[in-house]
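See below for model_24.cif, which holds mmCIF, C-alpha atoms.
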data_start
#
loop_
_atom_site.label_atom_id
_atom_site.label_comp_id
_atom_site.auth_asym_id
_atom_site.auth_seq_id
_atom_site.Cartn_x
_atom_site.Cartn_y
_atom_site.Cartn_z
CA MET A 1 0.00 0.00 0.00
CA THR A 2 1.40 3.39 -1.05
CA VAL A 3 0.48 6.21 1.34
CA LEU A 4 1.01 9.78 0.15
CA HIS A 5 1.66 11.98 3.19
CA VAL A 6 0.84 15.63 2.49
CA LEU A 7 2.76 17.78 4.98
CA ASP A 8 3.16 21.46 5.77
CA HIS A 9 6.94 20.99 6.16
CA SER A 10 9.36 18.21 6.99
CA VAL A 11 12.99 17.38 7.67
CA PRO A 12 15.50 18.94 7.44
CA VAL A 13 13.36 21.56 9.25
CA THR A 14 13.47 20.85 13.00
CA SER A 15 10.14 21.07 14.82
CA GLY A 16 7.74 18.90 16.76
CA TYR A 17 5.65 18.64 13.58
CA SER A 18 8.55 17.35 11.49
CA THR A 19 9.71 14.99 14.26
CA ARG A 20 6.31 13.33 14.42
CA SER A 21 6.13 13.13 10.64
CA ARG A 22 9.60 11.61 10.31
CA ASN A 23 8.75 8.89 12.84
CA ILE A 24 5.37 8.13 11.28
CA VAL A 25 6.86 7.44 7.85
CA ALA A 26 9.90 5.59 9.23
CA PHE A 27 7.83 3.19 11.31
CA GLN A 28 5.18 2.78 8.59
CA ARG A 29 8.00 1.60 6.34
CA GLN A 30 9.01 -0.94 8.99
CA LEU A 31 5.40 -2.17 9.06
CA GLY A 32 5.50 -2.91 5.32
CA LEU A 33 3.70 0.18 4.02
CA ARG A 34 5.23 2.38 1.33
CA PRO A 35 5.05 5.98 2.59
CA VAL A 36 5.82 8.86 0.21
CA VAL A 37 6.07 12.48 1.40
CA LEU A 38 4.97 15.68 -0.34
CA THR A 39 5.55 19.03 1.37
CA SER A 40 3.56 22.19 0.78
CA PRO A 41 4.75 25.51 -0.68
CA LYS A 42 5.37 26.60 2.93
CA HIS A 43 8.39 24.26 3.16
CA THR A 44 10.92 26.84 2.05
CA VAL A 45 14.22 25.01 2.62
CA SER A 46 16.12 24.92 -0.66
CA GLY A 47 16.77 21.53 -2.24
CA PRO A 48 15.75 19.20 -5.07
CA LEU A 49 12.09 18.75 -5.99
CA ARG A 50 12.50 15.00 -5.41
CA GLU A 51 14.94 13.40 -3.00
CA GLU A 52 15.34 10.31 -0.85
CA ARG A 53 15.94 10.43 2.90
CA ASP A 54 16.41 7.28 4.96
CA GLY A 55 14.72 5.19 2.29
CA ILE A 56 11.68 7.52 2.00
CA VAL A 57 10.95 9.52 -1.16
CA TYR A 58 10.29 13.21 -0.50
CA TYR A 59 8.68 15.53 -3.05
CA ARG A 60 8.72 19.30 -2.69
CA THR A 61 6.35 21.91 -4.08
CA PRO A 62 7.83 25.05 -5.65
CA GLY A 63 7.13 28.10 -3.53
CA ALA A 64 4.26 30.43 -4.34
CA ALA A 65 3.11 33.81 -3.12
CA GLY A 66 -0.42 34.98 -2.50
CA SER A 67 -3.43 34.38 -0.30
CA PRO A 68 -4.16 31.07 1.44
CA LEU A 69 -6.72 30.35 -1.29
CA ALA A 70 -4.07 30.93 -3.97
CA LEU A 71 -1.67 28.58 -2.16
CA MET A 72 -4.30 25.83 -2.09
CA PHE A 73 -4.99 26.22 -5.82
CA HIS A 74 -1.24 26.07 -6.42
CA PHE A 75 -0.83 22.97 -4.24
CA ALA A 76 -3.70 20.81 -5.56
CA PRO A 77 -2.17 20.05 -9.01
CA ARG A 78 1.11 19.07 -7.35
CA ILE A 79 -0.71 16.64 -5.03
CA ALA A 80 -2.48 15.08 -8.02
CA GLN A 81 0.76 14.84 -10.00
CA VAL A 82 2.64 13.05 -7.21
CA ALA A 83 -0.31 10.80 -6.31
CA ARG A 84 -0.53 9.59 -9.92
CA ALA A 85 3.23 9.22 -10.34
CA GLU A 86 3.58 7.14 -7.17
CA GLY A 87 0.34 5.16 -7.52
CA ALA A 88 -0.99 6.33 -4.16
CA THR A 89 -3.71 4.11 -2.70
CA VAL A 90 -4.53 6.54 0.10
CA ILE A 91 -3.80 10.22 0.69
CA HIS A 92 -2.94 11.09 4.28
CA ALA A 93 -3.06 14.86 4.68
CA HIS A 94 -1.73 16.40 7.86
CA SER A 95 -2.96 19.71 9.23
CA PRO A 96 -3.37 22.58 8.62
CA VAL A 97 -6.46 22.95 6.47
CA LEU A 98 -4.29 24.49 3.70
CA ASN A 99 -3.06 20.93 3.09
CA GLY A 100 -6.30 19.14 3.84
CA LEU A 101 -8.69 20.91 1.46
CA PRO A 102 -6.60 20.50 -1.73
CA ALA A 103 -5.86 16.91 -0.71
CA LEU A 104 -9.61 16.28 -0.34
CA LEU A 105 -10.29 17.64 -3.83
CA VAL A 106 -7.57 15.44 -5.33
CA ALA A 107 -8.65 12.33 -3.44
CA ARG A 108 -12.22 12.71 -4.68
CA ARG A 109 -11.02 13.33 -8.25
CA LEU A 110 -8.82 10.20 -8.19
CA GLY A 111 -11.32 8.06 -6.31
CA ILE A 112 -9.02 7.17 -3.41
CA PRO A 113 -9.55 7.57 0.35
CA LEU A 114 -8.49 10.63 2.30
CA VAL A 115 -7.27 10.47 5.89
CA TYR A 116 -7.01 13.90 7.52
CA GLU A 117 -4.82 14.22 10.60
CA ALA A 118 -5.17 17.19 12.96
CA ARG A 119 -2.09 17.86 15.07
CA ALA A 120 -3.70 20.92 16.67
CA PHE A 121 -6.62 23.29 16.12
CA TRP A 122 -4.88 25.94 14.08
CA GLU A 123 -7.33 28.71 14.89
CA ASP A 124 -6.31 28.34 18.55
CA ALA A 125 -2.60 28.29 17.67
CA ALA A 126 -3.10 31.53 15.73
CA VAL A 127 -4.59 33.15 18.83
CA ASP A 128 -1.47 32.28 20.83
CA HIS A 129 0.80 33.55 18.05
CA GLY A 130 -1.09 36.85 18.05
CA THR A 131 -2.20 36.65 14.41
CA THR A 132 -5.89 36.57 15.30
CA ARG A 133 -8.19 36.58 18.31
CA GLU A 134 -10.74 34.08 19.49
CA GLY A 135 -14.11 34.71 17.83
CA SER A 136 -12.71 36.88 15.02
CA VAL A 137 -13.82 36.38 11.40
CA ARG A 138 -10.55 34.63 10.59
CA TYR A 139 -10.88 32.40 13.66
CA ARG A 140 -14.44 31.39 12.80
CA LEU A 141 -13.62 30.85 9.11
CA THR A 142 -10.67 28.58 9.92
CA ARG A 143 -12.79 26.61 12.37
CA MET A 144 -15.58 26.26 9.81
CA LEU A 145 -13.25 25.01 7.06
CA GLU A 146 -11.60 22.50 9.40
CA THR A 147 -15.05 21.26 10.45
CA VAL A 148 -16.05 20.78 6.80
CA LEU A 149 -12.85 18.79 6.30
CA PHE A 150 -13.44 16.65 9.39
CA ARG A 151 -16.92 15.81 8.11
CA SER A 152 -15.74 15.09 4.57
CA ALA A 153 -12.61 12.98 5.11
CA ASP A 154 -12.98 9.20 5.08
CA ARG A 155 -11.17 8.98 8.42
CA VAL A 156 -9.96 11.63 10.86
CA VAL A 157 -6.89 11.22 13.06
CA VAL A 158 -6.15 13.34 16.14
CA ILE A 159 -3.32 13.15 18.64
CA ALA A 160 -5.31 13.39 21.89
CA GLU A 161 -8.56 12.16 23.42
CA ARG A 162 -9.72 15.70 24.16
CA MET A 163 -9.33 16.58 20.49
CA ARG A 164 -11.59 13.66 19.58
CA GLU A 165 -14.20 14.92 22.06
CA GLU A 166 -14.01 18.41 20.52
CA ILE A 167 -14.47 17.11 16.97
CA THR A 168 -17.36 14.89 18.03
CA ARG A 169 -19.11 18.00 19.38
CA ARG A 170 -18.85 19.44 15.85
CA GLY A 171 -21.08 16.69 14.51
CA VAL A 172 -18.46 14.21 13.29
CA ASP A 173 -19.28 10.53 13.85
CA VAL A 174 -17.03 9.30 16.67
CA GLY A 175 -16.54 6.00 14.83
CA ARG A 176 -14.66 7.85 12.05
CA ILE A 177 -12.22 9.52 14.46
CA ALA A 178 -9.08 7.69 15.62
CA VAL A 179 -6.59 8.83 18.25
CA VAL A 180 -2.98 8.21 17.25
CA GLY A 181 -1.05 9.97 19.98
CA ASN A 182 2.50 11.17 20.00
CA GLY A 183 5.15 8.54 20.59
CA VAL A 184 8.86 8.12 21.04
CA ASP A 185 11.62 5.98 19.55
CA VAL A 186 12.46 4.01 22.69
CA ASP A 187 15.60 2.55 21.11
CA ARG A 188 17.00 5.96 20.25
CA PHE A 189 15.85 7.72 23.42
CA ARG A 190 17.01 5.48 26.25
CA PRO A 191 18.58 6.12 29.66
CA LEU A 192 22.11 7.46 29.34
CA PRO A 193 24.68 8.64 31.88
CA ARG A 194 25.23 12.38 32.08
CA ASN A 195 27.43 13.67 29.27
CA GLU A 196 30.05 15.27 31.47
CA VAL A 197 31.92 16.81 28.54
CA LEU A 198 28.79 18.71 27.48
CA ALA A 199 27.97 19.66 31.07
CA GLY A 200 31.49 21.04 31.51
CA ARG A 201 31.25 23.00 28.27
CA LEU A 202 28.06 24.63 29.57
CA GLY A 203 29.66 25.39 32.92
CA ILE A 204 27.50 22.90 34.82
CA ARG A 205 29.31 20.98 37.56
CA GLY A 206 27.40 19.14 40.26
CA ASP A 207 24.34 21.42 40.06
CA VAL A 208 20.70 20.32 39.98
CA VAL A 209 19.75 20.95 36.38
CA PHE A 210 16.23 21.71 35.21
CA GLY A 211 15.70 21.89 31.46
CA PHE A 212 13.44 22.44 28.50
CA ILE A 213 13.89 21.34 24.88
CA GLY A 214 11.53 22.53 22.15
CA SER A 215 10.13 25.56 20.38
CA PHE A 216 9.94 28.79 22.40
CA TYR A 217 6.26 29.52 21.78
CA HIS A 218 4.29 31.74 24.14
CA TYR A 219 1.94 28.91 25.10
CA GLU A 220 4.89 26.86 26.41
CA GLY A 221 5.00 29.13 29.48
CA LEU A 222 8.73 29.81 29.36
CA ARG A 223 8.34 33.47 30.34
CA PHE A 224 6.41 32.35 33.41
CA LEU A 225 9.21 29.91 34.18
CA VAL A 226 11.87 32.63 33.97
CA ASP A 227 9.83 34.87 36.27
CA ALA A 228 9.55 32.03 38.81
CA PHE A 229 13.21 31.05 38.60
CA PRO A 230 14.52 33.40 41.37
CA ALA A 231 12.06 31.80 43.80
CA LEU A 232 13.16 28.38 42.60
CA ARG A 233 16.80 29.29 43.18
CA ALA A 234 15.92 30.45 46.69
CA ARG A 235 14.35 27.02 47.32
CA VAL A 236 17.09 25.10 45.46
CA PRO A 237 20.38 27.04 45.75
CA GLY A 238 22.67 26.35 42.82
CA ALA A 239 19.86 25.21 40.54
CA ARG A 240 20.52 25.71 36.84
CA PHE A 241 18.12 25.86 33.92
CA VAL A 242 19.01 24.88 30.35
CA PHE A 243 16.76 26.11 27.51
CA VAL A 244 17.44 24.24 24.25
CA GLY A 245 15.72 25.51 21.10
CA SER A 246 14.54 28.75 19.57
CA GLY A 247 11.38 30.68 18.77
CA GLU A 248 9.31 33.75 19.44
CA GLU A 249 10.18 33.99 23.17
CA GLU A 250 13.92 33.75 22.54
CA ALA A 251 14.70 37.44 23.04
CA VAL A 252 12.97 37.48 26.44
CA LEU A 253 14.83 34.37 27.54
CA ARG A 254 18.19 35.71 26.38
CA ASP A 255 17.64 38.94 28.30
CA ALA A 256 16.95 36.92 31.43
CA SER A 257 19.92 34.65 30.75
CA SER A 258 22.36 37.54 30.39
CA GLY A 259 21.54 38.78 33.88
CA SER A 260 21.41 35.38 35.59
CA GLY A 261 25.10 34.92 36.30
CA GLY A 262 25.14 31.64 34.40
CA ALA A 263 22.09 30.18 36.15
CA LEU A 264 20.09 30.25 32.89
CA VAL A 265 21.93 28.58 30.01
CA MET A 266 20.85 28.92 26.37
CA PRO A 267 22.85 26.82 23.89
CA GLY A 268 20.37 27.61 21.09
CA GLN A 269 18.94 25.12 18.64
CA VAL A 270 21.02 21.96 18.43
CA PRO A 271 21.23 19.20 15.79
CA TYR A 272 18.75 16.36 16.31
CA GLU A 273 21.64 13.94 16.76
CA GLU A 274 22.77 15.87 19.87
CA VAL A 275 19.39 16.16 21.60
CA ARG A 276 19.95 13.01 23.70
CA ASP A 277 23.12 14.50 25.16
CA TYR A 278 21.16 17.53 26.38
CA TYR A 279 18.49 15.34 27.98
CA SER A 280 21.29 13.43 29.71
CA ILE A 281 22.50 16.50 31.62
CA MET A 282 19.00 17.34 32.92
CA ASP A 283 17.88 16.09 36.32
CA VAL A 284 14.31 17.30 35.69
CA PHE A 285 12.57 18.15 32.41
CA VAL A 286 10.07 21.00 32.84
CA CYS A 287 7.02 21.58 30.66
CA PRO A 288 5.24 24.68 32.09
CA ARG A 289 2.50 25.16 29.50
CA ARG A 290 0.00 27.96 30.03
CA ARG A 291 -3.69 27.15 30.43
CA MET A 292 -5.60 27.89 27.22
CA ARG A 293 -7.71 26.00 24.69
CA LEU A 294 -4.67 24.88 22.70
CA THR A 295 -2.83 23.36 25.66
CA GLU A 296 -5.95 21.84 27.19
CA LEU A 297 -6.61 19.89 24.00
CA VAL A 298 -3.21 19.08 22.48
CA THR A 299 -0.47 16.78 23.79
CA PRO A 300 3.21 17.67 23.20
CA LEU A 301 5.94 15.30 22.04
CA LYS A 302 9.10 16.35 23.91
CA PRO A 303 8.04 15.15 27.39
CA LEU A 304 7.83 11.63 25.97
CA GLU A 305 11.46 11.81 24.86
CA ALA A 306 12.49 12.86 28.37
CA MET A 307 10.38 10.08 29.89
CA ALA A 308 11.98 7.52 27.56
CA MET A 309 15.37 8.66 28.85
CA ALA A 310 14.14 8.10 32.43
CA ARG A 311 14.18 11.81 33.21
CA PRO A 312 11.36 12.89 35.55
CA VAL A 313 8.99 15.39 33.96
CA LEU A 314 7.61 18.33 35.93
CA ALA A 315 4.61 19.66 34.02
CA SER A 316 1.66 21.99 34.41
CA ASP A 317 -1.70 20.30 34.90
CA VAL A 318 -3.26 21.41 31.61
CA GLY A 319 -5.31 18.78 29.82
CA GLY A 320 -2.78 17.95 27.13
CA LEU A 321 -0.12 17.13 29.73
CA SER A 322 -2.32 15.37 32.29
CA GLU A 323 -3.31 13.02 29.45
CA LEU A 324 0.36 12.00 29.15
CA ILE A 325 1.40 11.96 32.81
CA GLU A 326 0.01 10.24 35.89
CA HIS A 327 0.84 12.55 38.77
CA GLY A 328 3.15 10.98 41.32
CA ALA A 329 3.73 7.91 39.19
CA THR A 330 5.10 8.76 35.74
CA GLY A 331 5.70 12.46 36.39
CA ILE A 332 4.83 15.38 38.64
CA LEU A 333 2.13 17.95 37.88
CA PHE A 334 1.84 21.48 39.28
CA ARG A 335 -0.99 24.00 38.98
CA ALA A 336 -0.62 25.80 35.66
CA GLU A 337 0.73 29.37 35.92
CA ASP A 338 1.05 29.06 39.72
CA ALA A 339 4.65 29.92 40.68
CA GLY A 340 4.23 28.70 44.26
CA SER A 341 3.04 25.29 43.08
CA LEU A 342 5.87 25.05 40.54
CA VAL A 343 8.54 25.92 43.10
CA ALA A 344 7.15 23.51 45.70
CA ARG A 345 7.08 20.56 43.28
CA ALA A 346 10.49 21.44 41.84
CA GLY A 347 11.91 21.61 45.37
CA GLU A 348 10.57 18.15 46.17
CA LEU A 349 12.24 16.67 43.10
CA ALA A 350 15.50 18.52 43.67
CA ALA A 351 15.70 17.31 47.27
CA SER A 352 15.34 13.60 46.49
CA ARG A 353 17.48 11.68 44.03
CA GLU A 354 15.46 8.60 44.97
CA LEU A 355 12.21 10.30 43.95
CA ARG A 356 13.70 11.47 40.65
CA ASP A 357 15.00 8.00 39.87
CA SER A 358 11.78 6.18 40.74
CA ILE A 359 9.60 8.51 38.67
CA GLY A 360 12.06 8.45 35.78
CA LEU A 361 12.18 4.65 35.67
CA ALA A 362 8.39 4.38 35.92
CA ALA A 363 8.07 6.86 33.06
CA ARG A 364 10.49 4.82 30.96
CA ARG A 365 8.49 1.64 31.54
CA HIS A 366 5.26 3.44 30.69
CA VAL A 367 6.44 4.78 27.33
CA GLU A 368 7.98 1.43 26.42
CA ARG A 369 4.61 -0.20 27.06
CA GLU A 370 2.23 2.45 25.70
CA ARG A 371 4.01 5.14 23.70
CA SER A 372 6.68 3.54 21.51
CA TRP A 373 6.40 4.70 17.91
CA SER A 374 6.17 1.10 16.70
CA ARG A 375 3.07 0.57 18.84
CA VAL A 376 1.55 3.98 18.06
CA VAL A 377 2.09 3.85 14.29
CA SER A 378 0.63 0.34 13.99
CA ARG A 379 -2.78 1.97 14.49
CA TYR A 380 -2.61 3.35 10.96
CA LEU A 381 -2.96 -0.15 9.51
CA GLU A 382 -6.55 -0.34 10.71
CA ILE A 383 -7.25 3.28 9.79
CA TYR A 384 -6.12 2.87 6.19
CA GLY A 385 -7.92 -0.44 5.84
CA ALA A 386 -11.20 1.17 6.95
CA GLY A 387 -11.07 3.91 4.28
CA ARG A 388 -13.41 4.02 1.33
CA ALA A 389 -12.12 1.91 -1.54
#
Would you encode the structure as structure tokens?
Amino acid sequence: MTVLHVLDHSVPVTSGYSTRSRNIVAFQRQLGLRPVVLTSPKHTVSGPLREERDGIVYYRTPGAAGSPLALMFHFAPRIAQVARAEGATVIHAHSPVLNGLPALLVARRLGIPLVYEARAFWEDAAVDHGTTREGSVRYRLTRMLETVLFRSADRVVVIAERMREEITRRGVDVGRIAVVGNGVDVDRFRPLPRNEVLAGRLGIRGDVVFGFIGSFYHYEGLRFLVDAFPALRARVPGARFVFVGSGEEEAVLRDASSGSGGALVMPGQVPYEEVRDYYSIMDVFVCPRRRMRLTELVTPLKPLEAMAMARPVLASDVGGLSELIEHGATGILFRAEDAGSLVARAGELAASRELRDSIGLAARRHVERERSWSRVVSRYLEIYGAGRA
């Protein structure tokens, strides 16, 4: 079975979106499927229009300017061209709607099933990014188009149970919605001893290290974390915090880092191959997401990598994180945007190596059992088989 994955962007771009996509196609290939990737005009990294990466064929779409409608009209013929050339038996379009609508038109024209996968509700993401506001015309239009797509696709995939509940409330038959959550490569991300060379290069020697790896979006709550850090240092003298990544909050974090006397460390965005080394120097991985619609509904990927490496995760109690973590067993939750709660929980973890180790090992066992990519991706076999022939 040849599955054409229609993506917003992909590797070599580094993001949670591209990480999930790369693992989906890699593990589908292991399961005997033939995944092919086509990226949208929004993938702007220069390169050939057709290339092979790790045994997977990637097609690119030449860039185009104009309105979202113009981009969709530009993208649809490319989807049809690649689907015909590769003999696609199913089109699997991944959000946003700018991919899904042209993919739906092509799938109907070619008479093959369409699976539409929503990684997030993009109208809510736009609110956090400041490009619209909840209830605006743009917000309502995006929501309407996504709802049309959910109702029209042969199958719908979401990454969290709360997303399925939300789509069901929009009138989509629950039997057509499948949850394929985020996962982790448990062979790649496994417990490792601290990389002392890296720790020394960052000036970290014997300190309790808290850390974050990911995109510096506003909804991640990193500004809140920086504001709470002096209180955390008062509770845990010598505590360090390592922020790995980049994004819209980077300037704020760098300002705080420059005045921290080395307590806040920002190595920037690092190659994917080095990410494990950065997890290895962290005693606690922190995920302080703010409470909003986006974070209540959507589950992140990075905490699962930390859990696979037996690092305890300290996370806010928003819905998307409480779906991943059982408080006191596979991680520790604090009240979202409550500095006192954050500091108290962080202090408990910092004070007890035994607690950190027990939670980390329990988290590792949990992701091995429930969240390995091989287990997660196997769900697509049923989803593709249930599509309209």
Tell me which protein, DNA and RNA residues are within 7 Å of Leu314 (chain A), counting all atoms listed in the file, leaving out same-chain ones fewer than 6 positions away, and put them as a CSV table (one decimal) with C-alpha atoms, in the frame of the given file.
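Contents of selection_2.csv, freshly written:
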chain,number,residue,atom,x,y,z
A,284,VAL,CA,14.3,17.3,35.7
A,285,PHE,CA,12.6,18.2,32.4
A,286,VAL,CA,10.1,21.0,32.8
A,287,CYS,CA,7.0,21.6,30.7
A,331,GLY,CA,5.7,12.5,36.4
A,332,ILE,CA,4.8,15.4,38.6
A,333,LEU,CA,2.1,18.0,37.9
Spatial neighbours of Arg254 (chain A), max dist 9 Å, all atoms listed in the file, sep filter under 6 positions, as a PDB file with C-alpha atoms, in the frame of the given file:
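Result written to around_38.pdb:
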ATOM      1  CA  LEU A 264      20.090  30.250  32.890  1.00  0.00           C
ATOM      2  CA  VAL A 265      21.930  28.580  30.010  1.00  0.00           C
ATOM      3  CA  MET A 266      20.850  28.920  26.370  1.00  0.00           C
TER       4      MET A 266
END
As a PyMOL selection string, please: the residues near Leu101 (chain A) (cut-off 10 Å, only C-alpha atoms, same-chain neighbours under 5 positions excluded).
chain A and resi 72-73+75-76+93+95-96+106-107+116+145-146+148-149+152-153
When the PyMOL selection byres ((chain A and resi 179) around 8) is applied to the structure above, which residues does it catch, written out as a PyMOL selection string?
chain A and resi 157-161+164+177-178+180-181
Could you state which residues are captured by the PyMOL selection byres ((chain A and resi 297) around 6) in this file, as a VMD selection string?
chain A and resid 162 to 163 294 to 296 298 320
Add whatever atoms are absent from region 211-223 of chain A to reach N, CA and C atoms, and provide the output as a compact mmCIF listing (two decimals), in the coordinates of the input.
# COMPACT_ATOMS: atom_id res chain seq x y z
N GLY A 211 15.51 21.58 32.87
CA GLY A 211 15.70 21.89 31.46
C GLY A 211 14.43 21.84 30.65
N PHE A 212 14.53 22.44 29.48
CA PHE A 212 13.44 22.44 28.50
C PHE A 212 14.07 22.31 27.12
N ILE A 213 13.47 21.48 26.27
CA ILE A 213 13.89 21.34 24.88
C ILE A 213 12.65 21.49 24.02
N GLY A 214 12.68 22.37 23.04
CA GLY A 214 11.53 22.53 22.15
C GLY A 214 11.49 23.91 21.54
N SER A 215 10.33 24.25 20.99
CA SER A 215 10.13 25.56 20.38
C SER A 215 9.69 26.56 21.45
N PHE A 216 10.22 27.77 21.37
CA PHE A 216 9.94 28.79 22.40
C PHE A 216 8.67 29.57 22.06
N TYR A 217 7.54 28.86 22.01
CA TYR A 217 6.26 29.52 21.78
C TYR A 217 5.72 30.08 23.10
N HIS A 218 4.87 31.09 22.96
CA HIS A 218 4.29 31.74 24.14
C HIS A 218 3.52 30.74 24.99
N TYR A 219 2.77 29.84 24.34
CA TYR A 219 1.94 28.91 25.10
C TYR A 219 2.76 27.91 25.93
N GLU A 220 4.06 27.78 25.64
CA GLU A 220 4.89 26.86 26.41
C GLU A 220 5.13 27.35 27.84
N GLY A 221 4.88 28.63 28.11
CA GLY A 221 5.00 29.13 29.48
C GLY A 221 6.41 29.41 29.93
N LEU A 222 7.33 29.62 29.00
CA LEU A 222 8.73 29.81 29.36
C LEU A 222 8.98 31.15 30.05
N ARG A 223 8.21 32.17 29.67
CA ARG A 223 8.34 33.47 30.34
C ARG A 223 7.91 33.35 31.81
